[in-house]
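query.txt, holding compact mmCIF, N, CA and C atoms:
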# COMPACT_ATOMS: atom_id res chain seq x y z
N GLN A 186 -119.88 172.75 19.11
CA GLN A 186 -119.42 171.39 19.33
C GLN A 186 -120.39 170.40 18.70
N VAL A 187 -119.82 169.32 18.22
CA VAL A 187 -120.60 168.24 17.62
C VAL A 187 -120.24 166.94 18.34
N GLN A 188 -121.26 166.19 18.69
CA GLN A 188 -121.04 164.90 19.31
C GLN A 188 -121.48 163.81 18.34
N LEU A 189 -120.68 162.75 18.27
CA LEU A 189 -120.97 161.62 17.40
C LEU A 189 -121.10 160.37 18.24
N VAL A 190 -122.21 159.68 18.08
CA VAL A 190 -122.44 158.44 18.82
C VAL A 190 -122.57 157.31 17.82
N GLU A 191 -121.66 156.36 17.93
CA GLU A 191 -121.62 155.22 17.02
C GLU A 191 -122.22 153.99 17.68
N SER A 192 -122.74 153.13 16.86
CA SER A 192 -123.25 151.86 17.37
C SER A 192 -123.24 150.83 16.26
N GLY A 193 -123.30 149.56 16.65
CA GLY A 193 -123.47 148.50 15.68
C GLY A 193 -122.27 147.61 15.44
N GLY A 194 -121.14 147.89 16.05
CA GLY A 194 -119.99 147.02 15.86
C GLY A 194 -120.18 145.67 16.53
N GLY A 195 -119.25 144.76 16.26
CA GLY A 195 -119.34 143.46 16.88
C GLY A 195 -118.48 142.44 16.19
N LEU A 196 -118.72 141.18 16.57
CA LEU A 196 -117.97 140.05 16.01
C LEU A 196 -118.88 139.26 15.09
N VAL A 197 -118.43 139.07 13.86
CA VAL A 197 -119.19 138.28 12.89
C VAL A 197 -118.24 137.34 12.17
N GLN A 198 -118.83 136.40 11.46
CA GLN A 198 -118.03 135.49 10.65
C GLN A 198 -117.92 136.03 9.23
N ALA A 199 -116.90 135.58 8.55
CA ALA A 199 -116.70 135.99 7.16
C ALA A 199 -117.95 135.66 6.33
N GLY A 200 -118.33 136.62 5.50
CA GLY A 200 -119.51 136.45 4.66
C GLY A 200 -120.78 137.03 5.24
N GLU A 201 -120.74 137.33 6.53
CA GLU A 201 -121.93 137.89 7.17
C GLU A 201 -122.00 139.40 6.98
N SER A 202 -123.10 139.96 7.50
CA SER A 202 -123.34 141.40 7.34
C SER A 202 -123.41 142.07 8.70
N LEU A 203 -123.24 143.37 8.67
CA LEU A 203 -123.29 144.18 9.89
C LEU A 203 -123.66 145.59 9.49
N ARG A 204 -124.36 146.28 10.37
CA ARG A 204 -124.71 147.68 10.09
C ARG A 204 -124.24 148.58 11.23
N LEU A 205 -123.52 149.61 10.83
CA LEU A 205 -123.07 150.63 11.79
C LEU A 205 -123.93 151.87 11.66
N SER A 206 -124.15 152.53 12.78
CA SER A 206 -124.89 153.79 12.79
C SER A 206 -124.04 154.86 13.47
N CYS A 207 -124.22 156.08 13.01
CA CYS A 207 -123.56 157.21 13.65
C CYS A 207 -124.53 158.37 13.70
N ALA A 208 -124.86 158.80 14.90
CA ALA A 208 -125.78 159.91 15.09
C ALA A 208 -125.01 161.14 15.53
N ALA A 209 -125.22 162.23 14.84
CA ALA A 209 -124.57 163.50 15.18
C ALA A 209 -125.54 164.39 15.93
N SER A 210 -125.03 165.09 16.91
CA SER A 210 -125.85 166.03 17.67
C SER A 210 -125.00 167.20 18.10
N GLY A 211 -125.67 168.24 18.57
CA GLY A 211 -124.94 169.42 19.01
C GLY A 211 -125.18 170.58 18.08
N SER A 212 -124.14 171.31 17.77
CA SER A 212 -124.25 172.53 16.97
C SER A 212 -124.31 172.20 15.48
N ILE A 213 -125.42 171.64 15.09
CA ILE A 213 -125.63 171.28 13.70
C ILE A 213 -126.78 172.11 13.17
N PHE A 214 -126.49 172.94 12.18
CA PHE A 214 -127.51 173.86 11.70
C PHE A 214 -127.91 173.62 10.26
N SER A 215 -127.20 172.67 9.61
CA SER A 215 -127.54 172.35 8.24
C SER A 215 -127.03 170.95 7.94
N ILE A 216 -127.49 170.43 6.82
CA ILE A 216 -127.05 169.10 6.42
C ILE A 216 -125.55 169.14 6.13
N ASN A 217 -124.84 168.20 6.64
CA ASN A 217 -123.38 168.20 6.56
C ASN A 217 -122.90 166.86 6.01
N GLY A 218 -121.76 166.88 5.35
CA GLY A 218 -121.16 165.63 4.94
C GLY A 218 -120.76 164.81 6.15
N MET A 219 -120.82 163.50 6.02
CA MET A 219 -120.41 162.58 7.08
C MET A 219 -119.79 161.35 6.44
N GLY A 220 -119.14 160.56 7.26
CA GLY A 220 -118.56 159.36 6.69
C GLY A 220 -117.98 158.45 7.74
N TRP A 221 -117.34 157.40 7.25
CA TRP A 221 -116.70 156.41 8.11
C TRP A 221 -115.26 156.17 7.64
N TYR A 222 -114.38 156.08 8.59
CA TYR A 222 -113.01 155.65 8.36
C TYR A 222 -112.78 154.42 9.24
N ARG A 223 -111.70 153.72 8.94
CA ARG A 223 -111.35 152.58 9.79
C ARG A 223 -109.84 152.50 9.96
N GLN A 224 -109.46 151.88 11.06
CA GLN A 224 -108.04 151.72 11.32
C GLN A 224 -107.81 150.34 11.90
N ALA A 225 -107.00 149.56 11.20
CA ALA A 225 -106.61 148.24 11.67
C ALA A 225 -105.28 148.36 12.41
N PRO A 226 -104.96 147.41 13.29
CA PRO A 226 -103.70 147.48 14.03
C PRO A 226 -102.50 147.58 13.10
N GLY A 227 -101.64 148.54 13.37
CA GLY A 227 -100.43 148.71 12.58
C GLY A 227 -100.63 149.36 11.22
N LYS A 228 -101.85 149.82 10.95
CA LYS A 228 -102.14 150.44 9.65
C LYS A 228 -102.66 151.85 9.84
N GLN A 229 -102.59 152.62 8.77
CA GLN A 229 -103.11 153.98 8.81
C GLN A 229 -104.63 153.97 8.71
N ARG A 230 -105.21 155.03 9.23
CA ARG A 230 -106.65 155.19 9.10
C ARG A 230 -106.99 155.41 7.63
N GLU A 231 -108.03 154.73 7.16
CA GLU A 231 -108.39 154.83 5.75
C GLU A 231 -109.88 155.10 5.59
N LEU A 232 -110.20 155.72 4.47
CA LEU A 232 -111.58 156.01 4.16
C LEU A 232 -112.34 154.72 3.88
N VAL A 233 -113.50 154.60 4.49
CA VAL A 233 -114.41 153.51 4.16
C VAL A 233 -115.48 154.03 3.21
N ALA A 234 -116.18 155.07 3.64
CA ALA A 234 -117.24 155.65 2.82
C ALA A 234 -117.57 157.02 3.35
N ALA A 235 -118.02 157.88 2.44
CA ALA A 235 -118.40 159.23 2.82
C ALA A 235 -119.59 159.67 1.99
N ILE A 236 -120.39 160.53 2.56
CA ILE A 236 -121.55 161.06 1.85
C ILE A 236 -121.54 162.57 2.02
N THR A 237 -121.77 163.27 0.91
CA THR A 237 -121.75 164.73 0.95
C THR A 237 -123.11 165.25 1.42
N SER A 238 -123.16 166.55 1.65
CA SER A 238 -124.42 167.17 2.04
C SER A 238 -125.48 167.00 0.96
N GLY A 239 -125.02 166.87 -0.28
CA GLY A 239 -125.96 166.68 -1.38
C GLY A 239 -126.37 165.24 -1.61
N GLY A 240 -125.75 164.32 -0.88
CA GLY A 240 -126.14 162.92 -0.98
C GLY A 240 -125.24 162.07 -1.85
N SER A 241 -124.20 162.64 -2.41
CA SER A 241 -123.26 161.85 -3.22
C SER A 241 -122.38 161.02 -2.31
N THR A 242 -122.10 159.80 -2.74
CA THR A 242 -121.30 158.90 -1.92
C THR A 242 -119.97 158.57 -2.58
N ASN A 243 -119.01 158.26 -1.74
CA ASN A 243 -117.68 157.89 -2.18
C ASN A 243 -117.22 156.73 -1.31
N TYR A 244 -116.65 155.70 -1.92
CA TYR A 244 -116.24 154.52 -1.18
C TYR A 244 -114.75 154.23 -1.37
N GLY A 245 -114.16 153.68 -0.34
CA GLY A 245 -112.80 153.20 -0.47
C GLY A 245 -112.77 151.99 -1.39
N ASP A 246 -111.66 151.81 -2.09
CA ASP A 246 -111.56 150.72 -3.06
C ASP A 246 -111.80 149.36 -2.42
N ALA A 247 -111.38 149.21 -1.18
CA ALA A 247 -111.47 147.90 -0.53
C ALA A 247 -112.91 147.47 -0.23
N VAL A 248 -113.83 148.43 -0.23
CA VAL A 248 -115.21 148.10 0.16
C VAL A 248 -116.22 148.33 -0.94
N LYS A 249 -115.78 148.83 -2.07
CA LYS A 249 -116.72 149.10 -3.16
C LYS A 249 -117.46 147.84 -3.56
N GLY A 250 -118.76 147.98 -3.70
CA GLY A 250 -119.58 146.84 -4.08
C GLY A 250 -120.05 145.99 -2.91
N ARG A 251 -119.48 146.21 -1.73
CA ARG A 251 -119.87 145.41 -0.56
C ARG A 251 -120.51 146.25 0.54
N PHE A 252 -120.14 147.50 0.63
CA PHE A 252 -120.67 148.39 1.67
C PHE A 252 -121.56 149.45 1.03
N THR A 253 -122.57 149.86 1.79
CA THR A 253 -123.47 150.91 1.33
C THR A 253 -123.67 151.92 2.45
N LEU A 254 -123.48 153.19 2.10
CA LEU A 254 -123.65 154.27 3.07
C LEU A 254 -124.93 155.02 2.75
N SER A 255 -125.72 155.27 3.76
CA SER A 255 -126.94 156.05 3.58
C SER A 255 -127.10 157.00 4.75
N ARG A 256 -128.04 157.92 4.63
CA ARG A 256 -128.23 158.88 5.71
C ARG A 256 -129.69 159.21 5.90
N ASP A 257 -130.00 159.59 7.11
CA ASP A 257 -131.32 160.11 7.47
C ASP A 257 -131.09 161.54 7.91
N ASN A 258 -131.39 162.49 7.04
CA ASN A 258 -131.10 163.89 7.34
C ASN A 258 -131.88 164.39 8.55
N ALA A 259 -133.09 163.93 8.71
CA ALA A 259 -133.91 164.38 9.83
C ALA A 259 -133.29 163.98 11.16
N LYS A 260 -132.56 162.88 11.17
CA LYS A 260 -131.95 162.38 12.41
C LYS A 260 -130.46 162.68 12.48
N ASN A 261 -129.91 163.33 11.45
CA ASN A 261 -128.46 163.57 11.39
C ASN A 261 -127.68 162.27 11.65
N THR A 262 -128.13 161.24 11.00
CA THR A 262 -127.56 159.91 11.21
C THR A 262 -127.16 159.29 9.89
N VAL A 263 -126.01 158.65 9.89
CA VAL A 263 -125.58 157.88 8.73
C VAL A 263 -125.51 156.41 9.12
N TYR A 264 -125.76 155.58 8.12
CA TYR A 264 -125.77 154.14 8.31
C TYR A 264 -124.80 153.51 7.32
N LEU A 265 -123.95 152.63 7.82
CA LEU A 265 -123.03 151.91 6.97
C LEU A 265 -123.44 150.44 6.98
N GLN A 266 -124.02 150.01 5.89
CA GLN A 266 -124.42 148.61 5.76
C GLN A 266 -123.27 147.85 5.12
N MET A 267 -122.78 146.85 5.82
CA MET A 267 -121.62 146.10 5.37
C MET A 267 -122.04 144.67 5.04
N TYR A 268 -121.81 144.28 3.81
CA TYR A 268 -122.14 142.93 3.35
C TYR A 268 -120.85 142.17 3.04
N SER A 269 -120.98 140.86 2.97
CA SER A 269 -119.86 140.01 2.57
C SER A 269 -118.58 140.38 3.28
N LEU A 270 -118.68 140.49 4.58
CA LEU A 270 -117.52 140.91 5.36
C LEU A 270 -116.38 139.91 5.26
N LYS A 271 -115.17 140.45 5.28
CA LYS A 271 -113.95 139.64 5.17
C LYS A 271 -113.10 139.86 6.42
N PRO A 272 -112.23 138.94 6.73
CA PRO A 272 -111.33 139.14 7.89
C PRO A 272 -110.53 140.43 7.78
N GLU A 273 -110.18 140.83 6.57
CA GLU A 273 -109.42 142.07 6.40
C GLU A 273 -110.25 143.32 6.66
N ASP A 274 -111.53 143.17 6.87
CA ASP A 274 -112.36 144.31 7.27
C ASP A 274 -112.27 144.57 8.78
N THR A 275 -111.60 143.69 9.47
CA THR A 275 -111.44 143.86 10.92
C THR A 275 -110.69 145.14 11.22
N ALA A 276 -111.29 146.00 12.03
CA ALA A 276 -110.70 147.30 12.35
C ALA A 276 -111.60 148.03 13.35
N VAL A 277 -111.10 149.13 13.84
CA VAL A 277 -111.94 150.06 14.58
C VAL A 277 -112.50 151.05 13.56
N TYR A 278 -113.80 151.20 13.55
CA TYR A 278 -114.47 152.07 12.60
C TYR A 278 -114.85 153.37 13.30
N TYR A 279 -114.48 154.48 12.67
CA TYR A 279 -114.70 155.80 13.25
C TYR A 279 -115.64 156.62 12.38
N CYS A 280 -116.61 157.20 13.00
CA CYS A 280 -117.49 158.14 12.31
C CYS A 280 -116.77 159.47 12.16
N HIS A 281 -116.98 160.12 11.04
CA HIS A 281 -116.29 161.36 10.72
C HIS A 281 -117.29 162.43 10.32
N PHE A 282 -117.09 163.63 10.88
CA PHE A 282 -117.99 164.76 10.62
C PHE A 282 -117.11 165.98 10.41
N PRO A 283 -116.84 166.32 9.16
CA PRO A 283 -115.99 167.48 8.90
C PRO A 283 -116.82 168.76 8.77
N ARG A 284 -116.33 169.83 9.39
CA ARG A 284 -117.08 171.07 9.28
C ARG A 284 -116.16 172.25 9.50
N PHE A 285 -116.19 173.18 8.57
CA PHE A 285 -115.42 174.42 8.68
C PHE A 285 -113.94 174.12 8.95
N GLY A 286 -113.43 173.12 8.28
CA GLY A 286 -112.02 172.82 8.41
C GLY A 286 -111.64 172.04 9.65
N TYR A 287 -112.62 171.67 10.44
CA TYR A 287 -112.33 170.88 11.65
C TYR A 287 -112.95 169.50 11.51
N ASN A 288 -112.22 168.50 11.97
CA ASN A 288 -112.69 167.12 11.87
C ASN A 288 -113.16 166.61 13.23
N TYR A 289 -114.43 166.28 13.29
CA TYR A 289 -114.97 165.63 14.48
C TYR A 289 -114.94 164.12 14.25
N TRP A 290 -114.57 163.39 15.31
CA TRP A 290 -114.50 161.93 15.22
C TRP A 290 -115.32 161.30 16.33
N GLY A 291 -115.90 160.16 16.02
CA GLY A 291 -116.56 159.37 17.04
C GLY A 291 -115.52 158.62 17.86
N GLN A 292 -116.00 157.91 18.86
CA GLN A 292 -115.09 157.21 19.77
C GLN A 292 -114.57 155.91 19.15
N GLY A 293 -115.19 155.47 18.08
CA GLY A 293 -114.78 154.25 17.41
C GLY A 293 -115.58 153.05 17.87
N THR A 294 -115.84 152.16 16.94
CA THR A 294 -116.54 150.92 17.26
C THR A 294 -115.79 149.76 16.59
N GLN A 295 -115.57 148.72 17.34
CA GLN A 295 -114.77 147.60 16.85
C GLN A 295 -115.62 146.68 15.98
N VAL A 296 -115.08 146.35 14.83
CA VAL A 296 -115.66 145.33 13.96
C VAL A 296 -114.62 144.24 13.80
N THR A 297 -115.00 143.02 14.14
CA THR A 297 -114.09 141.89 14.03
C THR A 297 -114.75 140.82 13.18
N VAL A 298 -114.04 140.40 12.14
CA VAL A 298 -114.56 139.39 11.23
C VAL A 298 -113.68 138.16 11.33
N SER A 299 -114.25 137.07 11.76
CA SER A 299 -113.48 135.83 11.90
C SER A 299 -113.59 135.00 10.63
N SER A 300 -112.53 134.25 10.37
CA SER A 300 -112.51 133.43 9.13
C SER A 300 -113.08 132.04 9.38

Could you write out this file's structure as C-alpha cells?
Amino acid sequence: QVQLVESGGGLVQAGESLRLSCAASGSIFSINGMGWYRQAPGKQRELVAAITSGGSTNYGDAVKGRFTLSRDNAKNTVYLQMYSLKPEDTAVYYCHFPRFGYNYWGQGTQVTVSS
C-alpha cells in the first residue's frame, strides 16, 4: 500500500503563485514516477504534470511555462510550483502515484483562483 499526503492548496488571486506538495509513504522500495492531475467541476480529470523515476518531466498544455514539477527522492515527495495562476486553474488537484499497473491517488487539494 502507498499513502499520499497532499498539502498547499488554497485561495489566491489571478497572477499569484502557489506550491503544492505530495509526500508518498508506505510500500515504496524504489524511486517511482509521480505526478499531479486536476479536475474542475463538470470536466474530466486532466494531467497537470508528471515526473518519471529518471527525472524527466511532462506537462499538460494548459500549464506549460507556468508550472514546474520537482521532486525530492530522499523524501518521496514531489512539489508543484504554480506561477501566474489563472481562474481556469481552479480545480481539485490530485497527486498520482502509478505502480505495477495500479494508480494510487491522493485525497485531493482545492486550488481556487479568483479574478

For a test of reading the model, state the distance in Å between CA of Ser299 in chain A and atom C of Ser255 in chain A, rounded to one decimal.
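Going from CA of Ser299 in chain A over to atom C of Ser255 in chain A, I get 26.2 Å.
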
Can you tell me which residues surround Val197 in chain A at a distance of at most 7 Å, considering all atoms listed in the file, apart from same-chain residues fewer than 4 positions away, and format the answer as a PyMOL selection string?
chain A and resi 201-202+296-300

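As for atom C of Tyr264 in chain A and CA of Pro283 in chain A, they are spaced 16.6 Å apart.
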
For the structure I just gave you, how does DSSP split chain A - specifically, which residues are strand (DSSP E)? Reply as a PyMOL selection string.
chain A and resi 187-192+195-198+203-211+219-224+231-236+242-244+252-257+262-267+276-284+287-290+294-299

From the list A:Ser269, A:Gln295, A:Thr242, A:Asn261, which residue is nearest Ala209 in chain A when using all atoms listed in the file?
A:Asn261

Point out the residue among A:Gly193, A:Gly211, A:Pro226, A:Gly291 with the least atom-to-atom distance to Lys260 in chain A, counting only C-alpha atoms.
A:Gly211

Reconstructed range 243-262 of chain A, atom set N, CA, C and O atoms, as a PDB file, keeping the file's coordinate frame:
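result-v6.pdb, written as the output of this step:
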ATOM      1  N   ASN A 243    -119.010 158.260  -1.740  1.00  0.00           N
ATOM      2  CA  ASN A 243    -117.680 157.890  -2.180  1.00  0.00           C
ATOM      3  C   ASN A 243    -117.220 156.730  -1.310  1.00  0.00           C
ATOM      4  O   ASN A 243    -117.372 156.785  -0.089  1.00  0.00           O
ATOM      5  N   TYR A 244    -116.650 155.700  -1.920  1.00  0.00           N
ATOM      6  CA  TYR A 244    -116.240 154.520  -1.180  1.00  0.00           C
ATOM      7  C   TYR A 244    -114.750 154.230  -1.370  1.00  0.00           C
ATOM      8  O   TYR A 244    -114.201 154.464  -2.441  1.00  0.00           O
ATOM      9  N   GLY A 245    -114.160 153.680  -0.340  1.00  0.00           N
ATOM     10  CA  GLY A 245    -112.800 153.200  -0.470  1.00  0.00           C
ATOM     11  C   GLY A 245    -112.770 151.990  -1.390  1.00  0.00           C
ATOM     12  O   GLY A 245    -113.734 151.223  -1.455  1.00  0.00           O
ATOM     13  N   ASP A 246    -111.660 151.810  -2.090  1.00  0.00           N
ATOM     14  CA  ASP A 246    -111.560 150.720  -3.060  1.00  0.00           C
ATOM     15  C   ASP A 246    -111.800 149.360  -2.420  1.00  0.00           C
ATOM     16  O   ASP A 246    -112.367 148.460  -3.036  1.00  0.00           O
ATOM     17  N   ALA A 247    -111.380 149.210  -1.180  1.00  0.00           N
ATOM     18  CA  ALA A 247    -111.470 147.900  -0.530  1.00  0.00           C
ATOM     19  C   ALA A 247    -112.910 147.470  -0.230  1.00  0.00           C
ATOM     20  O   ALA A 247    -113.164 146.290  -0.016  1.00  0.00           O
ATOM     21  N   VAL A 248    -113.830 148.430  -0.230  1.00  0.00           N
ATOM     22  CA  VAL A 248    -115.210 148.100   0.160  1.00  0.00           C
ATOM     23  C   VAL A 248    -116.220 148.330  -0.940  1.00  0.00           C
ATOM     24  O   VAL A 248    -117.408 148.031  -0.760  1.00  0.00           O
ATOM     25  N   LYS A 249    -115.780 148.830  -2.070  1.00  0.00           N
ATOM     26  CA  LYS A 249    -116.720 149.100  -3.160  1.00  0.00           C
ATOM     27  C   LYS A 249    -117.460 147.840  -3.560  1.00  0.00           C
ATOM     28  O   LYS A 249    -116.858 146.774  -3.700  1.00  0.00           O
ATOM     29  N   GLY A 250    -118.760 147.980  -3.700  1.00  0.00           N
ATOM     30  CA  GLY A 250    -119.580 146.840  -4.080  1.00  0.00           C
ATOM     31  C   GLY A 250    -120.050 145.990  -2.910  1.00  0.00           C
ATOM     32  O   GLY A 250    -120.901 145.119  -3.085  1.00  0.00           O
ATOM     33  N   ARG A 251    -119.480 146.210  -1.730  1.00  0.00           N
ATOM     34  CA  ARG A 251    -119.870 145.410  -0.560  1.00  0.00           C
ATOM     35  C   ARG A 251    -120.510 146.250   0.540  1.00  0.00           C
ATOM     36  O   ARG A 251    -121.328 145.738   1.308  1.00  0.00           O
ATOM     37  N   PHE A 252    -120.140 147.500   0.630  1.00  0.00           N
ATOM     38  CA  PHE A 252    -120.670 148.390   1.670  1.00  0.00           C
ATOM     39  C   PHE A 252    -121.560 149.450   1.030  1.00  0.00           C
ATOM     40  O   PHE A 252    -121.307 149.894  -0.087  1.00  0.00           O
ATOM     41  N   THR A 253    -122.570 149.860   1.790  1.00  0.00           N
ATOM     42  CA  THR A 253    -123.470 150.910   1.330  1.00  0.00           C
ATOM     43  C   THR A 253    -123.670 151.920   2.450  1.00  0.00           C
ATOM     44  O   THR A 253    -123.993 151.563   3.574  1.00  0.00           O
ATOM     45  N   LEU A 254    -123.480 153.190   2.100  1.00  0.00           N
ATOM     46  CA  LEU A 254    -123.650 154.270   3.070  1.00  0.00           C
ATOM     47  C   LEU A 254    -124.930 155.020   2.750  1.00  0.00           C
ATOM     48  O   LEU A 254    -125.184 155.369   1.593  1.00  0.00           O
ATOM     49  N   SER A 255    -125.720 155.270   3.760  1.00  0.00           N
ATOM     50  CA  SER A 255    -126.940 156.050   3.580  1.00  0.00           C
ATOM     51  C   SER A 255    -127.100 157.000   4.750  1.00  0.00           C
ATOM     52  O   SER A 255    -126.371 156.910   5.736  1.00  0.00           O
ATOM     53  N   ARG A 256    -128.040 157.920   4.630  1.00  0.00           N
ATOM     54  CA  ARG A 256    -128.230 158.880   5.710  1.00  0.00           C
ATOM     55  C   ARG A 256    -129.690 159.210   5.900  1.00  0.00           C
ATOM     56  O   ARG A 256    -130.490 159.112   4.973  1.00  0.00           O
ATOM     57  N   ASP A 257    -130.000 159.590   7.110  1.00  0.00           N
ATOM     58  CA  ASP A 257    -131.320 160.110   7.470  1.00  0.00           C
ATOM     59  C   ASP A 257    -131.090 161.540   7.910  1.00  0.00           C
ATOM     60  O   ASP A 257    -130.625 161.792   9.028  1.00  0.00           O
ATOM     61  N   ASN A 258    -131.390 162.490   7.040  1.00  0.00           N
ATOM     62  CA  ASN A 258    -131.100 163.890   7.340  1.00  0.00           C
ATOM     63  C   ASN A 258    -131.880 164.390   8.550  1.00  0.00           C
ATOM     64  O   ASN A 258    -131.368 165.185   9.340  1.00  0.00           O
ATOM     65  N   ALA A 259    -133.090 163.930   8.710  1.00  0.00           N
ATOM     66  CA  ALA A 259    -133.910 164.380   9.830  1.00  0.00           C
ATOM     67  C   ALA A 259    -133.290 163.980  11.160  1.00  0.00           C
ATOM     68  O   ALA A 259    -133.482 164.655  12.176  1.00  0.00           O
ATOM     69  N   LYS A 260    -132.560 162.880  11.170  1.00  0.00           N
ATOM     70  CA  LYS A 260    -131.950 162.380  12.410  1.00  0.00           C
ATOM     71  C   LYS A 260    -130.460 162.680  12.480  1.00  0.00           C
ATOM     72  O   LYS A 260    -129.800 162.282  13.450  1.00  0.00           O
ATOM     73  N   ASN A 261    -129.910 163.330  11.450  1.00  0.00           N
ATOM     74  CA  ASN A 261    -128.460 163.570  11.390  1.00  0.00           C
ATOM     75  C   ASN A 261    -127.680 162.270  11.650  1.00  0.00           C
ATOM     76  O   ASN A 261    -126.710 162.246  12.415  1.00  0.00           O
ATOM     77  N   THR A 262    -128.130 161.240  11.000  1.00  0.00           N
ATOM     78  CA  THR A 262    -127.560 159.910  11.210  1.00  0.00           C
ATOM     79  C   THR A 262    -127.160 159.290   9.890  1.00  0.00           C
ATOM     80  O   THR A 262    -127.872 159.432   8.890  1.00  0.00           O
TER      81      THR A 262
END
